[in-house]
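**Q** So here's final.txt, just compact mmCIF, C-alpha atoms:
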```txt
# COMPACT_ATOMS: atom_id res chain seq x y z
CA MET P 1 151.12 -94.78 -55.09
CA LYS P 2 152.37 -98.37 -55.05
CA PRO P 3 150.69 -100.64 -57.62
CA SER P 4 148.79 -103.67 -56.36
CA PRO P 5 149.93 -107.09 -57.63
CA ARG P 6 146.99 -107.23 -60.05
CA THR P 7 147.34 -103.69 -61.41
CA SER P 8 149.31 -103.22 -64.60
CA LEU P 9 152.33 -100.98 -64.28
CA TRP P 10 151.02 -99.09 -67.30
CA ARG P 11 148.39 -97.65 -64.93
CA HIS P 12 151.10 -96.45 -62.54
CA ARG P 13 151.59 -92.78 -63.51
CA ASP P 14 155.08 -92.32 -62.14
CA PHE P 15 156.34 -95.55 -63.64
CA ARG P 16 154.99 -94.41 -67.03
CA LEU P 17 156.95 -91.17 -66.69
CA TYR P 18 160.08 -93.04 -65.63
CA TRP P 19 159.62 -95.48 -68.54
CA THR P 20 159.11 -92.67 -71.05
CA GLY P 21 162.18 -90.80 -69.86
CA GLN P 22 164.40 -93.87 -70.03
CA ALA P 23 163.03 -94.82 -73.45
CA SER P 24 163.78 -91.33 -74.78
CA ASP P 25 167.29 -91.50 -73.36
CA VAL P 26 167.97 -94.85 -75.01
CA LEU P 27 166.44 -93.77 -78.33
CA GLY P 28 168.74 -90.78 -78.55
CA SER P 29 171.77 -92.74 -77.39
CA SER P 30 170.99 -95.48 -79.90
CA LEU P 31 170.88 -92.90 -82.66
CA SER P 32 174.19 -91.32 -81.63
CA SER P 33 175.85 -94.73 -81.16
CA VAL P 34 175.47 -95.10 -84.92
CA ALA P 35 176.03 -91.46 -85.88
CA ILE P 36 179.14 -90.64 -83.84
CA PRO P 37 181.32 -93.55 -85.08
CA LEU P 38 180.18 -92.76 -88.62
CA VAL P 39 181.13 -89.12 -88.11
CA ALA P 40 184.59 -90.30 -87.07
CA VAL P 41 185.07 -92.89 -89.82
CA ILE P 42 183.38 -91.16 -92.77
CA THR P 43 183.38 -87.42 -92.07
CA LEU P 44 186.69 -87.14 -90.19
CA HIS P 45 188.35 -90.15 -91.93
CA ALA P 46 189.45 -91.79 -88.67
CA THR P 47 191.82 -94.76 -88.87
CA THR P 48 191.19 -98.09 -87.11
CA TRP P 49 193.40 -96.92 -84.24
CA GLN P 50 191.62 -93.56 -83.95
CA ALA P 51 188.22 -95.29 -83.95
CA ALA P 52 189.47 -97.52 -81.12
CA ILE P 53 190.68 -94.47 -79.18
CA LEU P 54 187.26 -92.84 -79.52
CA ALA P 55 185.61 -96.03 -78.26
CA ALA P 56 188.06 -96.18 -75.35
CA VAL P 57 187.38 -92.57 -74.38
CA GLN P 58 183.64 -93.30 -74.31
CA LYS P 59 184.22 -96.20 -71.91
CA THR P 60 186.83 -94.63 -69.60
CA PRO P 61 184.35 -92.79 -67.28
CA SER P 62 183.02 -96.13 -66.00
CA LEU P 63 186.50 -96.97 -64.76
CA LEU P 64 187.04 -93.56 -63.16
CA PHE P 65 183.68 -92.61 -61.70
CA SER P 66 181.49 -95.69 -61.12
CA LEU P 67 182.57 -96.32 -57.53
CA PRO P 68 182.30 -92.67 -56.34
CA ALA P 69 178.96 -92.39 -58.15
CA GLY P 70 177.56 -95.32 -56.19
CA ALA P 71 178.58 -93.79 -52.88
CA TRP P 72 177.09 -90.44 -53.90
CA CYS P 73 173.81 -92.11 -54.87
CA ASP P 74 173.53 -93.79 -51.47
CA ARG P 75 174.13 -90.41 -49.78
CA LEU P 76 171.83 -88.23 -51.93
CA ARG P 77 168.39 -88.28 -53.47
CA LYS P 78 168.43 -89.96 -56.87
CA ARG P 79 166.05 -87.87 -58.96
CA PRO P 80 168.02 -84.58 -58.83
CA LEU P 81 171.08 -86.47 -60.04
CA MET P 82 169.08 -87.99 -62.89
CA VAL P 83 167.78 -84.59 -64.01
CA ALA P 84 171.15 -82.84 -63.76
CA THR P 85 173.03 -85.46 -65.78
CA SER P 86 170.38 -85.41 -68.52
CA LEU P 87 170.64 -81.64 -68.89
CA VAL P 88 174.44 -81.72 -69.13
CA CYS P 89 174.25 -84.42 -71.80
CA ALA P 90 171.77 -82.34 -73.80
CA VAL P 91 174.15 -79.39 -73.90
CA VAL P 92 177.22 -81.45 -74.80
CA MET P 93 175.55 -83.44 -77.58
CA GLY P 94 174.05 -80.23 -78.96
CA SER P 95 177.58 -78.85 -79.42
CA ILE P 96 178.45 -81.46 -82.07
CA PRO P 97 175.98 -80.40 -84.79
CA LEU P 98 176.70 -76.76 -83.90
CA ALA P 99 180.43 -77.29 -84.51
CA ALA P 100 179.68 -79.16 -87.74
CA ALA P 101 177.54 -76.29 -88.97
CA CYS P 102 180.49 -73.94 -88.39
CA ASP P 103 182.89 -76.41 -90.06
CA ARG P 104 184.88 -76.63 -86.80
CA LEU P 105 184.17 -80.23 -85.78
CA THR P 106 187.26 -82.28 -84.90
CA LEU P 107 188.04 -85.73 -83.57
CA ALA P 108 189.23 -84.09 -80.35
CA GLN P 109 185.78 -82.56 -79.79
CA LEU P 110 184.14 -85.94 -80.39
CA CYS P 111 186.42 -87.45 -77.77
CA VAL P 112 185.69 -84.69 -75.23
CA ALA P 113 181.95 -84.98 -75.83
CA ALA P 114 182.12 -88.76 -75.53
CA PHE P 115 183.98 -88.49 -72.22
CA VAL P 116 181.61 -85.93 -70.67
CA VAL P 117 178.47 -87.77 -71.78
CA GLY P 118 179.95 -91.08 -70.63
CA SER P 119 180.67 -89.56 -67.21
CA CYS P 120 177.10 -88.31 -66.91
CA HIS P 121 175.81 -91.72 -67.94
CA VAL P 122 177.77 -93.35 -65.13
CA VAL P 123 176.20 -91.12 -62.49
CA GLY P 124 172.76 -91.12 -64.10
CA MET P 125 172.66 -94.88 -64.52
CA SER P 126 173.68 -95.52 -60.90
CA ALA P 127 170.97 -93.12 -59.75
CA SER P 128 168.21 -94.43 -62.03
CA LEU P 129 168.85 -98.12 -61.31
CA SER P 130 169.00 -97.60 -57.54
CA TYR P 131 165.83 -95.46 -57.74
CA ILE P 132 163.58 -98.22 -59.15
CA PRO P 133 163.36 -100.18 -55.84
CA GLN P 134 162.04 -96.98 -54.23
CA LEU P 135 159.49 -96.46 -56.97
CA LEU P 136 158.14 -100.04 -57.00
CA PRO P 137 157.85 -102.98 -54.58
CA ALA P 138 160.27 -105.91 -54.94
CA ASP P 139 157.68 -108.27 -56.48
CA ARG P 140 157.15 -105.88 -59.42
CA LEU P 141 160.82 -105.40 -60.33
CA LEU P 142 161.03 -108.15 -62.96
CA GLU P 143 157.90 -106.83 -64.69
CA ALA P 144 159.31 -103.30 -64.56
CA HIS P 145 162.66 -104.38 -66.00
CA ALA P 146 160.89 -106.31 -68.75
CA LYS P 147 158.90 -103.21 -69.72
CA LEU P 148 162.03 -101.08 -69.57
CA ALA P 149 163.89 -103.62 -71.70
CA GLY P 150 161.03 -103.52 -74.20
CA ALA P 151 161.35 -99.74 -74.39
CA ASN P 152 165.10 -99.97 -74.70
CA THR P 153 165.02 -102.48 -77.51
CA LEU P 154 162.29 -100.63 -79.39
CA ALA P 155 164.52 -97.58 -79.10
CA ASP P 156 167.44 -99.67 -80.32
CA ILE P 157 165.32 -100.71 -83.30
CA GLY P 158 164.13 -97.20 -84.07
CA GLY P 159 167.39 -95.45 -83.24
CA PRO P 160 169.55 -96.95 -86.00
CA ALA P 161 166.71 -96.67 -88.52
CA LEU P 162 166.18 -93.03 -87.56
CA ALA P 163 169.94 -92.52 -87.70
CA GLY P 164 170.12 -93.97 -91.20
CA ALA P 165 167.30 -91.74 -92.41
CA LEU P 166 168.69 -88.59 -90.80
CA ILE P 167 172.25 -89.29 -91.91
CA GLY P 168 171.07 -89.73 -95.48
CA VAL P 169 169.24 -86.39 -95.39
CA ILE P 170 171.26 -84.06 -93.15
CA GLY P 171 174.54 -85.88 -92.45
CA ALA P 172 175.88 -87.79 -89.47
CA ALA P 173 177.00 -84.81 -87.38
CA ARG P 174 173.67 -82.98 -87.57
CA ALA P 175 171.79 -86.19 -86.80
CA VAL P 176 173.32 -86.12 -83.31
CA ALA P 177 171.01 -83.17 -82.49
CA ALA P 178 168.19 -85.67 -81.97
CA ASP P 179 170.12 -87.16 -79.07
CA SER P 180 170.33 -83.73 -77.44
CA VAL P 181 166.54 -83.40 -77.64
CA SER P 182 166.08 -86.88 -76.15
CA TYR P 183 167.98 -85.87 -73.01
CA LEU P 184 165.68 -82.87 -72.55
CA VAL P 185 162.65 -85.19 -72.72
CA THR P 186 164.26 -87.47 -70.12
CA ALA P 187 164.85 -84.56 -67.74
CA TRP P 188 161.27 -83.29 -68.18
CA CYS P 189 159.73 -86.73 -67.48
CA THR P 190 161.91 -87.26 -64.40
CA LEU P 191 160.94 -83.87 -62.99
CA ARG P 192 157.22 -84.75 -63.23
CA ILE P 193 157.45 -87.90 -61.06
CA ARG P 194 155.43 -87.33 -57.89
CA THR P 195 156.30 -90.36 -55.75
CA PRO P 196 158.17 -88.98 -52.73
CA GLU P 197 161.73 -90.21 -52.53
CA ALA P 198 162.87 -91.25 -49.07
CA ALA P 199 165.83 -89.30 -47.78
CA PRO P 200 168.96 -91.41 -47.32
CA PRO P 201 169.47 -92.42 -43.67
CA PRO P 202 171.96 -90.22 -41.78
CA PRO P 203 175.38 -91.87 -41.50
CA ALA P 204 176.24 -93.45 -38.17
CA GLU P 205 179.69 -91.84 -38.34
CA THR P 206 181.48 -89.12 -40.25
CA PRO P 207 181.04 -89.95 -43.97
CA SER P 208 184.14 -91.18 -45.74
CA LEU P 209 183.90 -91.71 -49.47
CA ARG P 210 186.80 -94.16 -49.46
CA ARG P 211 185.33 -96.20 -46.60
CA GLU P 212 181.91 -96.30 -48.26
CA ILE P 213 183.44 -97.44 -51.55
CA ARG P 214 185.38 -100.21 -49.79
CA ALA P 215 182.20 -101.36 -48.04
CA GLY P 216 180.32 -101.46 -51.35
CA LEU P 217 183.10 -103.44 -53.05
CA ALA P 218 183.31 -105.95 -50.22
CA TYR P 219 179.55 -106.38 -50.00
CA THR P 220 179.11 -106.89 -53.75
CA TRP P 221 182.04 -109.20 -54.43
CA ARG P 222 181.48 -111.39 -51.36
CA HIS P 223 177.74 -111.79 -51.85
CA PRO P 224 177.04 -115.41 -52.86
CA ILE P 225 174.54 -114.38 -55.57
CA ILE P 226 175.56 -110.89 -56.60
CA GLY P 227 179.30 -111.60 -56.73
CA PRO P 228 179.30 -114.26 -59.49
CA LEU P 229 176.81 -112.25 -61.56
CA VAL P 230 179.01 -109.17 -61.40
CA THR P 231 182.18 -111.01 -62.44
CA THR P 232 180.35 -112.75 -65.28
CA ASN P 233 179.06 -109.41 -66.54
CA ALA P 234 182.62 -108.08 -66.41
CA ILE P 235 183.92 -110.79 -68.73
CA THR P 236 181.10 -110.36 -71.23
CA SER P 237 181.24 -106.58 -71.22
CA THR P 238 185.01 -106.44 -71.62
CA VAL P 239 185.07 -108.81 -74.59
CA LEU P 240 182.18 -107.10 -76.37
CA ALA P 241 183.77 -103.69 -75.77
CA GLY P 242 186.81 -104.87 -77.69
CA THR P 243 184.93 -106.33 -80.62
CA SER P 244 182.47 -103.43 -80.87
CA ALA P 245 185.37 -100.97 -81.09
CA ILE P 246 186.49 -102.40 -84.44
CA TRP P 247 183.51 -104.12 -85.99
CA ILE P 248 182.08 -100.99 -87.60
CA VAL P 249 185.45 -100.51 -89.34
CA PHE P 250 185.28 -104.16 -90.44
CA LEU P 251 181.76 -103.77 -91.85
CA ILE P 252 182.38 -100.44 -93.59
CA ARG P 253 185.83 -101.09 -95.04
CA GLU P 254 186.10 -104.86 -95.53
CA LEU P 255 182.48 -105.82 -96.20
CA HIS P 256 181.76 -102.48 -97.96
CA TRP P 257 178.54 -101.68 -96.12
CA SER P 258 176.89 -98.30 -96.55
CA PRO P 259 175.79 -96.33 -93.46
CA GLN P 260 172.15 -97.01 -94.38
CA VAL P 261 172.72 -100.79 -94.56
CA PHE P 262 174.56 -100.69 -91.25
CA ALA P 263 171.68 -98.82 -89.58
CA LEU P 264 169.08 -101.20 -91.06
CA VAL P 265 170.91 -104.34 -89.89
CA MET P 266 171.32 -102.81 -86.43
CA SER P 267 167.56 -102.27 -86.30
CA ILE P 268 166.86 -105.86 -87.35
CA GLY P 269 169.23 -107.15 -84.70
CA ALA P 270 167.69 -104.96 -82.01
CA SER P 271 164.31 -106.61 -82.54
CA GLY P 272 165.82 -109.67 -80.83
CA GLY P 273 166.07 -107.63 -77.68
CA PHE P 274 162.43 -106.59 -77.94
CA LEU P 275 161.37 -110.23 -78.26
CA ALA P 276 163.43 -111.02 -75.17
CA SER P 277 161.64 -108.31 -73.18
CA LEU P 278 158.33 -110.03 -73.93
CA THR P 279 159.42 -113.59 -73.22
CA THR P 280 161.89 -113.32 -70.32
CA PRO P 281 159.33 -113.10 -67.46
CA ARG P 282 157.65 -116.29 -68.69
CA LEU P 283 160.94 -118.07 -69.30
CA THR P 284 162.18 -117.13 -65.84
CA ALA P 285 158.92 -118.23 -64.19
CA ARG P 286 159.04 -121.59 -65.97
CA TYR P 287 162.73 -122.51 -65.90
CA GLY P 288 164.20 -120.35 -63.15
CA ALA P 289 166.54 -117.38 -63.24
CA GLY P 290 169.78 -119.38 -63.17
CA PRO P 291 169.11 -121.69 -66.15
CA VAL P 292 167.71 -118.78 -68.17
CA MET P 293 170.79 -116.63 -67.59
CA ILE P 294 173.22 -119.41 -68.50
CA SER P 295 171.29 -120.31 -71.65
CA ALA P 296 171.14 -116.66 -72.69
CA LEU P 297 174.90 -116.24 -72.28
CA THR P 298 175.60 -119.17 -74.62
CA LEU P 299 174.00 -117.22 -77.48
CA ALA P 300 176.79 -114.62 -77.45
CA PRO P 301 179.63 -116.77 -78.87
CA ALA P 302 177.30 -118.55 -81.31
CA SER P 303 176.02 -115.23 -82.66
CA GLN P 304 179.55 -114.21 -83.70
CA LEU P 305 179.85 -116.93 -86.36
CA PRO P 306 177.91 -115.07 -89.11
CA LEU P 307 180.15 -112.04 -88.60
CA LEU P 308 183.29 -114.15 -88.98
CA LEU P 309 182.09 -116.07 -92.04
CA ALA P 310 180.29 -113.30 -93.93
CA HIS P 311 181.41 -111.88 -97.26
CA PRO P 312 180.25 -108.69 -99.02
CA GLY P 313 176.71 -108.87 -100.33
CA SER P 314 173.12 -109.19 -99.16
CA ALA P 315 173.52 -112.78 -97.96
CA GLY P 316 176.25 -111.73 -95.54
CA GLN P 317 174.19 -108.78 -94.37
CA LEU P 318 171.23 -111.03 -93.64
CA ALA P 319 173.41 -113.55 -91.79
CA ILE P 320 174.98 -110.85 -89.62
CA GLY P 321 171.53 -109.41 -88.91
CA CYS P 322 170.35 -112.85 -87.71
CA GLY P 323 173.45 -113.23 -85.56
CA LEU P 324 172.90 -109.83 -84.04
CA PHE P 325 169.25 -110.74 -83.41
CA ALA P 326 170.37 -113.81 -81.41
CA GLN P 327 173.05 -111.87 -79.56
CA LEU P 328 170.68 -109.14 -78.43
CA PHE P 329 167.98 -111.65 -77.50
CA GLY P 330 170.47 -113.33 -75.19
CA ALA P 331 171.89 -110.05 -73.89
CA VAL P 332 168.51 -108.61 -72.92
CA THR P 333 167.29 -111.90 -71.43
CA HIS P 334 170.38 -112.20 -69.29
CA GLY P 335 170.55 -108.50 -68.50
CA LEU P 336 167.07 -107.92 -67.14
CA THR P 337 167.08 -111.25 -65.25
CA GLN P 338 170.40 -110.68 -63.49
CA ARG P 339 169.50 -107.04 -62.77
CA THR P 340 166.28 -108.13 -61.06
CA VAL P 341 168.06 -110.86 -59.10
CA ARG P 342 170.72 -108.43 -57.91
CA GLN P 343 168.21 -105.77 -56.86
CA ARG P 344 166.05 -108.27 -54.98
CA ALA P 345 169.05 -109.74 -53.16
CA CYS P 346 170.69 -106.41 -52.25
CA ALA P 347 170.18 -104.55 -48.98
CA PRO P 348 168.40 -101.18 -49.48
CA ASP P 349 171.28 -99.09 -48.13
CA MET P 350 173.68 -100.79 -50.55
CA GLN P 351 171.67 -100.40 -53.77
CA GLY P 352 173.67 -97.47 -55.15
CA ARG P 353 177.06 -98.95 -54.30
CA MET P 354 176.08 -102.40 -55.52
CA GLN P 355 174.95 -100.98 -58.87
CA ALA P 356 178.08 -98.85 -59.12
CA THR P 357 180.40 -101.72 -58.20
CA GLY P 358 178.74 -103.86 -60.83
CA GLN P 359 179.06 -101.05 -63.36
CA TRP P 360 182.72 -100.45 -62.47
CA THR P 361 183.55 -104.15 -62.61
CA ALA P 362 181.72 -104.67 -65.89
CA PHE P 363 182.81 -101.49 -67.63
CA GLY P 364 186.15 -100.67 -66.01
CA LEU P 365 188.25 -102.72 -68.42
CA ARG P 366 186.34 -101.65 -71.52
CA PRO P 367 188.65 -98.78 -72.55
CA PHE P 368 191.66 -101.11 -72.34
CA ALA P 369 189.76 -103.75 -74.30
CA ALA P 370 188.96 -101.20 -77.01
CA LEU P 371 192.61 -100.12 -77.28
CA LEU P 372 193.82 -103.73 -77.28
CA ALA P 373 191.30 -104.59 -80.00
CA GLY P 374 192.46 -101.60 -82.03
CA TYR P 375 196.08 -102.75 -81.73
CA ALA P 376 195.19 -106.37 -82.52
CA GLY P 377 193.01 -105.32 -85.44
CA THR P 378 195.91 -103.32 -86.86
CA THR P 379 198.53 -106.05 -86.40
CA LEU P 380 196.62 -109.34 -86.63
CA GLY P 381 193.74 -108.24 -88.85
CA LEU P 382 190.14 -107.39 -88.06
CA ARG P 383 188.65 -110.85 -88.73
CA THR P 384 191.25 -112.64 -86.58
CA THR P 385 190.66 -110.23 -83.71
CA LEU P 386 186.89 -110.76 -83.90
CA ALA P 387 187.46 -114.55 -83.85
CA ILE P 388 189.50 -114.27 -80.65
CA GLY P 389 186.65 -112.30 -79.08
CA ALA P 390 184.13 -114.97 -80.07
CA CYS P 391 186.20 -117.64 -78.30
CA LEU P 392 186.48 -115.56 -75.13
CA LEU P 393 182.68 -115.26 -74.99
CA LEU P 394 182.55 -118.96 -74.08
CA LEU P 395 183.85 -118.12 -70.60
CA PRO P 396 180.79 -116.33 -69.05
CA PRO P 397 178.28 -119.21 -69.34
CA LEU P 398 180.92 -121.61 -68.03
CA ARG P 399 181.56 -119.29 -65.08
CA LEU P 400 177.91 -119.28 -64.01
CA ALA P 401 177.43 -123.00 -64.69
CA LEU P 402 180.12 -123.78 -62.09
CA THR P 403 178.26 -121.93 -59.29
CA PRO P 404 175.05 -122.70 -57.36
CA ILE P 405 173.35 -120.01 -59.46
CA ARG P 406 172.76 -122.71 -62.10
CA ALA P 407 169.84 -123.95 -59.93
CA LEU P 408 168.61 -120.52 -58.80
CA ARG P 409 164.89 -119.88 -59.19
CA LEU P 410 164.63 -116.26 -57.98
CA ALA P 411 166.75 -114.38 -55.48
CA PRO P 412 165.20 -113.79 -52.03
CA THR P 413 164.79 -110.27 -50.71
CA PRO P 414 167.32 -109.32 -48.01
```
Represent the structure from my file as structure tokens, please.
**A**
Amino acid sequence: MKPSPRTSLWRHRDFRLYWTGQASDVLGSSLSSVAIPLVAVITLHATTWQAAILAAVQKTPSLLFSLPAGAWCDRLRKRPLMVATSLVCAVVMGSIPLAAACDRLTLAQLCVAAFVVGSCHVVGMSASLSYIPQLLPADRLLEAHAKLAGANTLADIGGPALAGALIGVIGAARAVAADSVSYLVTAWCTLRIRTPEAAPPPPAETPSLRREIRAGLAYTWRHPIIGPLVTTNAITSTVLAGTSAIWIVFLIRELHWSPQVFALVMSIGASGGFLASLTTPRLTARYGAGPVMISALTLAPASQLPLLLAHPGSAGQLAIGCGLFAQLFGAVTHGLTQRTVRQRACAPDMQGRMQATGQWTAFGLRPFAALLAGYAGTTLGLRTTLAIGACLLLLPPLRLALTPIRALRLAPTP
């Protein structure tokens, strides 16, 4: 049942199930995003270079599988893909605490698990994002993305806090078991959605994966609205992939943070994303999508200053928490706005390939960025490498400001 314009999406049963499943997924992933690097750095004593390799392995599936995943999603029904990928992730993440209990956990297993789960995320994300326009009408997409962003940021707040508590009690490796459970919840919620999913239209000619990928790339990159948003996301994502690969090493080893402090500051920062999920629809309605996205992107370089200037102690921890709050406020504001604009502007039969092309463009360079950051952190120093990343984050808002998107109110439907 499609919701009327005056009916809250909270009264839409299938959207509630979709929302719950995605929130559970993000909660578990948020927990493991803290636990797995800590397993590598603390339990397995990984070096800066090894931590960068692990981060690169996590990001490589986007480069390899995003484009085929988009073509598959436009050929197939989305919900079965969403369920299957969640179940595979549950099994793989469950193997980590099992190996730790047998004292057999290695860095190689962490890398394999990260690669498999990352691959499933690529397919699952393409399917879930291209499924929303079938679940809801176009005029409810911004509201839906705001509610999903609220769930995601609440999960980001609770995930690190839960990770810190679990790590303190049972250890980092065993804490990953909660992520395995979260994937089972996601699969169960997705299975219970009743809204019939339209079958993909039969192809006019013999299907060719290569030809479909080329068509998706051309459509996305040449689109006057979608194209600049995708390239801007690519710059931001690549730079942040590099800095995030080494910053946990910087905080643990140079600023002498404990895992519990790290998890607490991550939770404080994530609350900025929750605030953004509440305010973005009003900001977009008042100022327009283009100005809101550009303003949000300018928060990314400014939010890096506390990290670069901080010293060990509570004052530095508070400053970095505030910077992270601003960064995630800007990231969520920009993210849910541009996602809505892209979905509204995209043709229905291109939704999967558009999402996948955007994912491939944004995430494809992330493994190389992580490796480059690991090399730079080893040779130039961690603080210098983070400063270079902060300067590069000035490019995305400039990129959008030089396009007609700067005056965009809201993208028309195709």
**Q** Find, counting only C-alpha atoms, the residue in P:Gln50, P:Val265, P:Ser32, P:Gln351 that gets nearest to Ala315 in chain P.
**A** P:Val265
**Q** Would you compute the distance between CA of Asn233 in chain P and CA of Arg383 in chain P? Give it in Å to one decimal.
**A**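 Taking CA of Asn233 in chain P as the start and CA of Arg383 in chain P as the end point, the length is 24.2 Å.
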**Q** Using all atoms listed in the file, can you tell me which of P:Thr186, P:Thr236, P:Ser277, P:Ser24 comes closest to Val83 in chain P?
**A**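 Smallest distance to Val83 in chain P is found for P:Thr186.
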**Q** Just checking: using only C-alpha atoms, which residue out of P:Ser8, P:Gln22, P:Gln343, P:Gln134 ends up closest to Thr220 in chain P?
**A** P:Gln343
**Q** What is the CA of Ala356 in chain P-CA of Ala178 in chain P distance in Å, reported with one decimal?
**A**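 Interatomic distance, CA of Ala356 in chain P to CA of Ala178 in chain P: 28.2 Å.
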**Q** What's the 12 Å shell around Asn152 in chain P, counting all atoms listed in the file, without same-chain residues fewer than 4 positions away, as a PyMOL selection string?
**A** chain P and resi 19-30+145-148+156-159+270-277+328+332+335-336
**Q** Take the point (182.4, -87.4, -50.2) in the file's coordinates, draw a sphere of radius 12 Å around it, and report as a tab-separated table (two decimals) with C-alpha atoms, in the frame of the given file every protein, DNA or RNA residue with an atom inside or on it, counting all atoms listed in the file.
**A**
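Heads up, here's the output in out-v1.tsv:
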```tsv
chain	number	residue	atom	x	y	z
P	67	LEU	CA	182.57	-96.32	-57.53
P	68	PRO	CA	182.30	-92.67	-56.34
P	69	ALA	CA	178.96	-92.39	-58.15
P	70	GLY	CA	177.56	-95.32	-56.19
P	71	ALA	CA	178.58	-93.79	-52.88
P	72	TRP	CA	177.09	-90.44	-53.90
P	73	CYS	CA	173.81	-92.11	-54.87
P	74	ASP	CA	173.53	-93.79	-51.47
P	75	ARG	CA	174.13	-90.41	-49.78
P	76	LEU	CA	171.83	-88.23	-51.93
P	206	THR	CA	181.48	-89.12	-40.25
P	207	PRO	CA	181.04	-89.95	-43.97
P	208	SER	CA	184.14	-91.18	-45.74
P	209	LEU	CA	183.90	-91.71	-49.47
P	210	ARG	CA	186.80	-94.16	-49.46
P	211	ARG	CA	185.33	-96.20	-46.60
P	212	GLU	CA	181.91	-96.30	-48.26
P	213	ILE	CA	183.44	-97.44	-51.55
```
**Q** Could you write out as AutoDock Vina command-line options the box around range 54-63 of chain P (axis-aligned, all atoms listed in the file, 6 Å on each side), with centre and edge lengths in Å to one decimal?
**A**
```
--center_x 185.5 --center_y -94.8 --center_z -72.1 --size_x 17.0 --size_y 16.4 --size_z 26.8
```
**Q** Considering only C-alpha atoms, can you say which of P:Leu382, P:Ser267, P:Pro224, P:Leu318 comes closest to Ile405 in chain P?
**A** P:Pro224
**Q** So how far away is CA of Val123 in chain P from CA of Lys78 in chain P, in Å?
**A**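 Separating CA of Lys78 in chain P from CA of Val123 in chain P is a distance of 9.7 Å.
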**Q** For a quick check of understanding, using only C-alpha atoms, which of P:Ile132, P:Ala113, P:Ile268, P:Ala199 has the smallest distance to Met93 in chain P?
**A** P:Ala113
**Q** Pick the closest to Ala289 in chain P from P:Ile170, P:Cys322, P:Cys346, P:Ile225: which is it, counting all atoms listed in the file?
**A** P:Ile225
**Q** For Gly364 in chain P, work out the shell of residues within 8 Å, counting only C-alpha atoms and skipping chain neighbours fewer than 6 positions away, then give it as JSON, numbers by chain.
**A** {"P": [59, 60, 62, 63, 64]}
**Q** Residues proximal to (185.2, -106.8, -69.7) were defined as those with any atom within 8 Å of that point in the file's coordinates, counting only C-alpha atoms. Which are they, as a ChimeraX atom specification?
**A** /P:233-241,361-366,369
